[in-house]
Amino acid sequence: MGYTVLRGSFVIRYPDLPRQGPQPDGDTVKFKPDTPALVDTLPRRSGRPAQINSRGISVRMEAIDALETHFDNDHQELAGAIAARDALLAQLGFTGVTFFPDAPNNVDHTDQDSVRGHVLSNGIDANGRMIGFIYPGDPVEPDGAQVFLDNPRVDTSVNATLLTVGLTYPAFYDTLPADLRAHLADVSRAARTAGAGIRARSTADPNSAATIQDLAALEELVIWPKLFRRIVPYLAAGFTDFDGFDTWLRADPVNRDDALLLLADPARPGNLHDVITAAGHTVQRTVWPEEFVIAPDPAPPGTNTGLRPHAAGDLVILAALPDPAGVDRGHETVTLINTTGSGIDLAGWHLADAAGGRHALTGALAGGAATQITLGGGLALGNKGDTLILSDSDGATIDTVTYTSGHVRPGRTICIGRT
């Protein structure tokens with residue numbers, strides 16, 4: 001299976017909004033691609049469009065699962081969760097990173113808000129994140145190149161490094177090519193056998209059941225994160241023991257009882273309930289995570305899971321008139337241009353601004369043509385600056401522009417600069 005090279009920068013802090021910035025953990029980090037349109041060329045196995053905006057997209061690191069620093073309002077053993085996060089940031093080249101004492105998942109200070117790096121990706125996950133192997137620095141290949149990913153190159157990824165030193169568990173989805181999965185399974189088994197990192201403290205494994213009296217006890221344990229993410233909502237539903245856990249899993253085959261391929265000889269299909277036993281206050285996984293493959297969430301019927309019909313930049317915001325002569329409302333305009341050679345049906349598309357205002361688009365726009373939209377309804381352009389977001393019928397961001405108060409003059413249209 002080929003991977004797409006995406007050059008760009010890893011971002012862990014927004015200098016203008018530090019308390020609202022990214023929340024890096026041990027297997028997810030924000031990435032701002034040099035060419036956002038490349039993200040829209042990636043397959044979408046679960047049908048969810050990429051959740052990308054002007055600040056970037058979250059990358060879910062392939063093949064690994066780190067202890068949760070934050071899952072809803074809960075967390076796993078913090079020593080292991082923080083160790084994985086800090087190692088990831090150090091591998092990418094971030095230094096001097098500290099977090100807000102009262103918001104411990106947001107970066108307060110860092111020597112670098114962003115660093116150069118690249119991602120090798122082969123798709124978008126069910127949460128709209130880019131799946132990939134991540135690397136510091138720029139690759140030798142140009143942006144958008146297709147590469148065959150082999151074991152030696154995988155071994156230089158941050159993903160493989162964290163797995164090797166035992167700071168993460170394996171989590172092998174069927175988006176991972178079989179040869180890479182087999183290799184990384186050997187890496188994971190070696191870390192487990194050596195008792196490296198968190199693997200020395202791991203419980204709820206085939207060789208050790210976990211005793212869990214309540215959520216507070218769960219948060220102190222080192223267990224496979226996917227199992228943790230199932231137990232949290234189970235306890236939140238009011239269950240006081242695990243006698244009903246198997247039934248609860250089976251009741252939702254998409255969001256709870258993940259479909260699996262069990263790699264026994266012969267391999268056979270199964271579900272998450274087939275590898276977990278639970279009763280009373282004990283829970284145990286009966287199969288090591290190297291020995292099964294997880295299926296991504298299925299796409300809803302009729303959902304396009306291939307290439308997106310429109311990429312970022314196919315339709316762009318060319319100009320805006322936020323302060324027309326006289327009354328603003330009903331006279332503000334936005335000018336769009338179709339940069340492609342084909343017509344685009346605008347049904348379901350919309351314009352929005354930073355305040356959440358929204359204006360639905362209709363009609364069609366011929367290839368190479370421009371159109372001026374007169375705004376109405378819930379979208380009003382700010383005279384002191386604003387951000388405009390153009391989204392397609394799937395909700396994917398196609399273009400984003402920002403203007404400041406210095407650009408606004410009464411009765412004058414702002415021409416948006418393009419490079």
# chains A, B, ... in the order shown; residues from 1 in each chain; ligands from 1
>>> residues_around(residues="region 20-24 of chain A", least_positions_apart="6", cutoff="6 Å", atoms="only C-alpha atoms", output="PyMOL selection string")
chain A and resi 12-14+105-106
>>> write_last_selection(atoms="N, CA and C atoms", output="CSV table (one decimal), in the first residue's frame")
chain,number,residue,atom,x,y,z
A,12,ILE,N,2.1,22.8,18.5
A,12,ILE,CA,1.6,22.4,19.8
A,12,ILE,C,1.1,23.6,20.6
A,13,ARG,N,1.2,24.8,20.0
A,13,ARG,CA,0.7,26.0,20.8
A,13,ARG,C,0.3,27.1,19.8
A,14,TYR,N,-0.8,27.7,20.0
A,14,TYR,CA,-1.2,28.9,19.2
A,14,TYR,C,-0.9,30.1,20.0
A,105,ASN,N,-3.4,20.0,29.9
A,105,ASN,CA,-3.2,19.5,28.5
A,105,ASN,C,-2.9,20.5,27.5
A,106,ASN,N,-2.9,21.8,27.9
A,106,ASN,CA,-2.6,22.9,27.0
A,106,ASN,C,-1.2,23.5,27.3
>>> select_by_dssp(residues="region 210-261 of chain A", states="helix (DSSP H, G or I)", output="PyMOL selection string")
chain A and resi 215-218+225-236+245-250
>>> write_last_selection(atoms="N, CA and C atoms", output="CSV table (one decimal), in the first residue's frame")
chain,number,residue,atom,x,y,z
A,215,LEU,N,-14.2,4.2,39.0
A,215,LEU,CA,-13.4,5.0,38.0
A,215,LEU,C,-12.1,5.5,38.6
A,216,ALA,N,-12.1,5.8,39.9
A,216,ALA,CA,-10.8,6.3,40.5
A,216,ALA,C,-9.8,5.2,40.4
A,217,ALA,N,-10.2,4.0,40.7
A,217,ALA,CA,-9.2,2.9,40.6
A,217,ALA,C,-8.7,2.7,39.2
A,218,LEU,N,-9.7,2.8,38.2
A,218,LEU,CA,-9.3,2.6,36.8
A,218,LEU,C,-8.3,3.6,36.3
A,225,PRO,N,-5.4,1.1,26.1
A,225,PRO,CA,-6.2,2.2,26.1
A,225,PRO,C,-7.6,2.0,25.5
A,226,LYS,N,-7.7,1.2,24.5
A,226,LYS,CA,-9.0,1.0,23.9
A,226,LYS,C,-10.0,0.3,24.9
A,227,LEU,N,-9.5,-0.6,25.7
A,227,LEU,CA,-10.3,-1.2,26.8
A,227,LEU,C,-10.7,-0.1,27.8
A,228,PHE,N,-9.7,0.8,28.1
A,228,PHE,CA,-10.1,1.9,29.0
A,228,PHE,C,-11.2,2.7,28.5
A,229,ARG,N,-11.1,3.0,27.2
A,229,ARG,CA,-12.1,3.9,26.5
A,229,ARG,C,-13.5,3.2,26.4
A,230,ARG,N,-13.6,1.9,26.6
A,230,ARG,CA,-14.8,1.2,26.7
A,230,ARG,C,-15.3,1.2,28.2
A,231,ILE,N,-14.4,1.0,29.1
A,231,ILE,CA,-14.9,0.9,30.5
A,231,ILE,C,-15.4,2.2,31.0
A,232,VAL,N,-14.8,3.3,30.6
A,232,VAL,CA,-15.2,4.6,31.1
A,232,VAL,C,-16.7,4.9,30.9
A,233,PRO,N,-17.2,4.8,29.7
A,233,PRO,CA,-18.7,5.0,29.5
A,233,PRO,C,-19.5,3.9,30.1
A,234,TYR,N,-19.0,2.7,30.3
A,234,TYR,CA,-19.8,1.7,30.9
A,234,TYR,C,-20.0,2.0,32.4
A,235,LEU,N,-19.0,2.5,33.1
A,235,LEU,CA,-19.1,2.9,34.5
A,235,LEU,C,-20.0,4.2,34.6
A,236,ALA,N,-19.8,5.1,33.6
A,236,ALA,CA,-20.6,6.3,33.6
A,236,ALA,C,-22.1,6.0,33.4
A,245,PHE,N,-20.9,-6.4,31.4
A,245,PHE,CA,-20.0,-5.7,30.4
A,245,PHE,C,-20.1,-6.4,29.0
A,246,ASP,N,-20.1,-7.7,29.0
A,246,ASP,CA,-20.2,-8.4,27.7
A,246,ASP,C,-21.4,-8.0,26.9
A,247,THR,N,-22.6,-8.0,27.6
A,247,THR,CA,-23.8,-7.7,27.0
A,247,THR,C,-23.8,-6.2,26.5
A,248,TRP,N,-23.2,-5.4,27.3
A,248,TRP,CA,-23.1,-3.9,27.0
A,248,TRP,C,-22.3,-3.7,25.7
A,249,LEU,N,-21.2,-4.4,25.6
A,249,LEU,CA,-20.3,-4.3,24.4
A,249,LEU,C,-21.1,-4.8,23.2
A,250,ARG,N,-21.7,-6.0,23.3
A,250,ARG,CA,-22.4,-6.5,22.1
A,250,ARG,C,-23.6,-5.7,21.6
>>> residues_around(residues="Asp150 (chain A)", least_positions_apart="2", cutoff="12 Å", atoms="only C-alpha atoms", output="list in words")
Met1, Gly2, Tyr3, Leu120, Phe133, Val147, Phe148, Pro152, Arg153, Val154, Asp155, Thr156, Ser157, Leu176, Pro177, Ala178, Asp179, Leu180, Arg181, Ala182, His183 and Leu184 of chain A
>>> residues_around(residues="region 254-263 of chain A", least_positions_apart="2", cutoff="7 Å", atoms="only C-alpha atoms", output="ChimeraX atom specification")
/A:230,249-250,252,265,267-273,291-295,297
>>> select_by_dssp(residues="region 184-302 of chain A", states="strand (DSSP E)", output="PyMOL selection string")
chain A and resi 210-211+259-262+268-271+276-279+282-285+292-294
>>> write_last_selection(atoms="C-alpha atoms", output="PDB file, in the first residue's frame")
ATOM      1  CA  ALA A 210      -7.218  -6.160  36.649  1.00  0.00           C
ATOM      2  CA  THR A 211      -9.344  -5.436  39.695  1.00  0.00           C
ATOM      3  CA  ALA A 259     -14.924  -5.898  14.590  1.00  0.00           C
ATOM      4  CA  LEU A 260     -11.616  -7.790  14.740  1.00  0.00           C
ATOM      5  CA  LEU A 261      -9.591 -10.239  12.695  1.00  0.00           C
ATOM      6  CA  LEU A 262      -8.128 -12.755  15.159  1.00  0.00           C
ATOM      7  CA  ARG A 268     -11.012 -15.835  11.916  1.00  0.00           C
ATOM      8  CA  PRO A 269     -13.326 -12.832  12.297  1.00  0.00           C
ATOM      9  CA  GLY A 270     -14.406 -11.773  15.756  1.00  0.00           C
ATOM     10  CA  ASN A 271     -15.306  -8.813  17.916  1.00  0.00           C
ATOM     11  CA  ILE A 276     -12.227  -9.752  26.887  1.00  0.00           C
ATOM     12  CA  THR A 277     -13.561 -11.559  29.924  1.00  0.00           C
ATOM     13  CA  ALA A 278     -15.166  -9.592  32.747  1.00  0.00           C
ATOM     14  CA  ALA A 279     -17.149 -10.391  35.883  1.00  0.00           C
ATOM     15  CA  THR A 282     -12.232  -8.007  37.412  1.00  0.00           C
ATOM     16  CA  VAL A 283     -11.485  -7.452  33.730  1.00  0.00           C
ATOM     17  CA  GLN A 284      -8.972  -9.282  31.583  1.00  0.00           C
ATOM     18  CA  ARG A 285      -7.995  -9.254  27.926  1.00  0.00           C
ATOM     19  CA  PHE A 292      -5.526  -9.264  16.257  1.00  0.00           C
ATOM     20  CA  VAL A 293      -6.382  -6.551  13.733  1.00  0.00           C
ATOM     21  CA  ILE A 294      -9.075  -3.916  14.349  1.00  0.00           C
TER      22      ILE A 294
END
>>> residues_around(residues="Ala364 (chain A)", least_positions_apart="6", cutoff="12 Å", atoms="only C-alpha atoms", output="list of chain:residue names")
A:Leu315, A:Leu336, A:Ile337, A:Asn338, A:Ser342, A:Gly343, A:Ile344, A:Asp345, A:Leu346, A:Ala347, A:Gly348, A:Trp349, A:Ala370, A:Thr371
>>> residues_around(residues="Gly26 (chain A)", least_positions_apart="4", cutoff="9 Å", atoms="only C-alpha atoms", output="ChimeraX atom specification")
/A:61,65-69,81-89,162,167-168
>>> write_last_selection(atoms="all heavy atoms", output="short mmCIF file (atom, residue, chain, number, x, y, z; two decimals), in the first residue's frame")
data_model
loop_
_atom_site.label_atom_id
_atom_site.label_comp_id
_atom_site.auth_asym_id
_atom_site.auth_seq_id
_atom_site.Cartn_x
_atom_site.Cartn_y
_atom_site.Cartn_z
N MET A 61 -1.55 8.79 15.18
CA MET A 61 -0.38 8.01 14.81
C MET A 61 -0.73 6.55 14.61
O MET A 61 -1.34 5.92 15.47
CB MET A 61 0.71 8.20 15.85
CG MET A 61 1.22 9.63 15.90
SD MET A 61 2.22 10.01 17.35
CE MET A 61 3.64 8.96 17.07
N ASP A 65 -1.03 3.07 20.51
CA ASP A 65 -2.09 3.62 21.35
C ASP A 65 -1.45 3.96 22.69
O ASP A 65 -0.97 3.06 23.41
CB ASP A 65 -3.21 2.59 21.53
CG ASP A 65 -4.56 3.22 21.81
OD1 ASP A 65 -4.61 4.46 21.98
OD2 ASP A 65 -5.57 2.48 21.86
N ALA A 66 -1.40 5.25 23.01
CA ALA A 66 -0.78 5.71 24.25
C ALA A 66 -1.81 5.83 25.36
O ALA A 66 -3.01 6.01 25.11
CB ALA A 66 -0.10 7.06 24.03
N LEU A 67 -1.37 5.74 26.60
CA LEU A 67 -2.26 5.99 27.72
C LEU A 67 -2.88 7.37 27.58
O LEU A 67 -2.22 8.32 27.16
CB LEU A 67 -1.50 5.88 29.04
CG LEU A 67 -0.87 4.53 29.39
CD1 LEU A 67 -0.26 4.59 30.79
CD2 LEU A 67 -1.88 3.40 29.30
N GLU A 68 -4.15 7.48 27.96
CA GLU A 68 -4.89 8.72 27.77
C GLU A 68 -4.52 9.77 28.83
O GLU A 68 -4.67 9.54 30.02
CB GLU A 68 -6.40 8.46 27.85
CG GLU A 68 -6.93 7.53 26.78
CD GLU A 68 -7.04 8.20 25.42
OE1 GLU A 68 -6.78 9.41 25.32
OE2 GLU A 68 -7.41 7.49 24.46
N THR A 69 -4.03 10.92 28.36
CA THR A 69 -3.86 12.06 29.27
C THR A 69 -5.20 12.73 29.54
O THR A 69 -5.39 13.35 30.59
CB THR A 69 -2.90 13.11 28.69
OG1 THR A 69 -3.40 13.53 27.40
CG2 THR A 69 -1.49 12.55 28.53
N ALA A 81 1.15 8.17 30.78
CA ALA A 81 0.56 9.01 29.74
C ALA A 81 1.45 10.21 29.43
O ALA A 81 1.69 10.55 28.26
CB ALA A 81 -0.83 9.47 30.17
N ILE A 82 1.94 10.87 30.46
CA ILE A 82 2.78 12.05 30.29
C ILE A 82 4.14 11.67 29.71
O ILE A 82 4.69 12.40 28.87
CB ILE A 82 2.92 12.80 31.62
CG1 ILE A 82 1.58 13.44 32.00
CG2 ILE A 82 4.01 13.87 31.54
CD1 ILE A 82 1.55 14.04 33.38
N ALA A 83 4.68 10.51 30.11
CA ALA A 83 5.96 10.07 29.57
C ALA A 83 5.90 9.89 28.05
O ALA A 83 6.82 10.29 27.32
CB ALA A 83 6.40 8.78 30.24
N ALA A 84 4.80 9.29 27.56
CA ALA A 84 4.64 9.11 26.11
C ALA A 84 4.51 10.45 25.40
O ALA A 84 5.13 10.68 24.36
CB ALA A 84 3.43 8.23 25.82
N ARG A 85 3.70 11.35 25.97
CA ARG A 85 3.52 12.68 25.36
C ARG A 85 4.85 13.43 25.29
O ARG A 85 5.21 13.99 24.25
CB ARG A 85 2.52 13.48 26.16
CG ARG A 85 2.26 14.88 25.62
CD ARG A 85 1.56 15.75 26.65
NE ARG A 85 2.43 16.02 27.79
CZ ARG A 85 2.01 16.54 28.95
NH1 ARG A 85 0.73 16.80 29.13
NH2 ARG A 85 2.87 16.78 29.92
N ASP A 86 5.57 13.45 26.39
CA ASP A 86 6.83 14.20 26.43
C ASP A 86 7.86 13.61 25.49
O ASP A 86 8.64 14.34 24.85
CB ASP A 86 7.37 14.25 27.85
CG ASP A 86 6.51 15.09 28.79
OD1 ASP A 86 5.59 15.79 28.28
OD2 ASP A 86 6.74 15.06 30.01
N ALA A 87 7.89 12.28 25.38
CA ALA A 87 8.83 11.64 24.46
C ALA A 87 8.49 11.98 23.02
O ALA A 87 9.38 12.22 22.19
CB ALA A 87 8.83 10.13 24.68
N LEU A 88 7.20 11.98 22.69
CA LEU A 88 6.77 12.34 21.33
C LEU A 88 7.24 13.76 20.98
O LEU A 88 7.81 13.99 19.91
CB LEU A 88 5.26 12.23 21.23
CG LEU A 88 4.59 12.49 19.88
CD1 LEU A 88 3.26 11.77 19.81
CD2 LEU A 88 4.35 13.98 19.62
N LEU A 89 6.99 14.70 21.88
CA LEU A 89 7.36 16.10 21.61
C LEU A 89 8.87 16.24 21.47
O LEU A 89 9.37 16.97 20.61
CB LEU A 89 6.83 17.00 22.71
CG LEU A 89 5.30 17.05 22.86
CD1 LEU A 89 4.90 17.99 23.98
CD2 LEU A 89 4.63 17.44 21.56
N LEU A 162 8.39 5.07 19.93
CA LEU A 162 7.60 4.98 21.15
C LEU A 162 7.20 3.54 21.46
O LEU A 162 7.16 3.13 22.63
CB LEU A 162 6.35 5.86 21.02
CG LEU A 162 6.59 7.36 20.90
CD1 LEU A 162 5.27 8.10 20.68
CD2 LEU A 162 7.29 7.91 22.13
N LEU A 167 6.58 2.80 25.54
CA LEU A 167 5.76 3.91 26.03
C LEU A 167 4.35 3.89 25.46
O LEU A 167 3.50 4.68 25.87
CB LEU A 167 6.44 5.25 25.72
CG LEU A 167 7.68 5.55 26.55
CD1 LEU A 167 8.32 6.87 26.13
CD2 LEU A 167 7.34 5.58 28.05
N THR A 168 4.10 3.00 24.51
CA THR A 168 2.76 2.84 23.95
C THR A 168 2.45 1.36 23.78
O THR A 168 3.34 0.51 23.75
CB THR A 168 2.63 3.51 22.57
OG1 THR A 168 3.51 2.86 21.64
CG2 THR A 168 2.96 4.99 22.63
#
>>> residues_around(residues="region 197-205 of chain A", least_positions_apart="6", cutoff="8 Å", atoms="only C-alpha atoms", output="VMD selection string")
chain A and resid 80 165 to 169 191 221 to 224 283 to 288
>>> closest_residue(among="A:Pro253, A:Phe172, A:Ser391, A:Val316", to="Pro289 (chain A)", atoms="only C-alpha atoms")
A:Phe172
>>> closest_residue(among="A:Asn207, A:Thr35, A:Ser58, A:Thr175", to="Pro142 (chain A)", atoms="only C-alpha atoms")
A:Thr35
>>> atom_distance(atom1="CA of Thr400 (chain A)", atom2="CA of Gly93 (chain A)")
28.8 Å
>>> atom_distance(atom1="CA of Arg192 (chain A)", atom2="CA of Gly132 (chain A)")
23.3 Å
>>> atom_distance(atom1="CA of Leu163 (chain A)", atom2="CA of Glu62 (chain A)")
11.0 Å
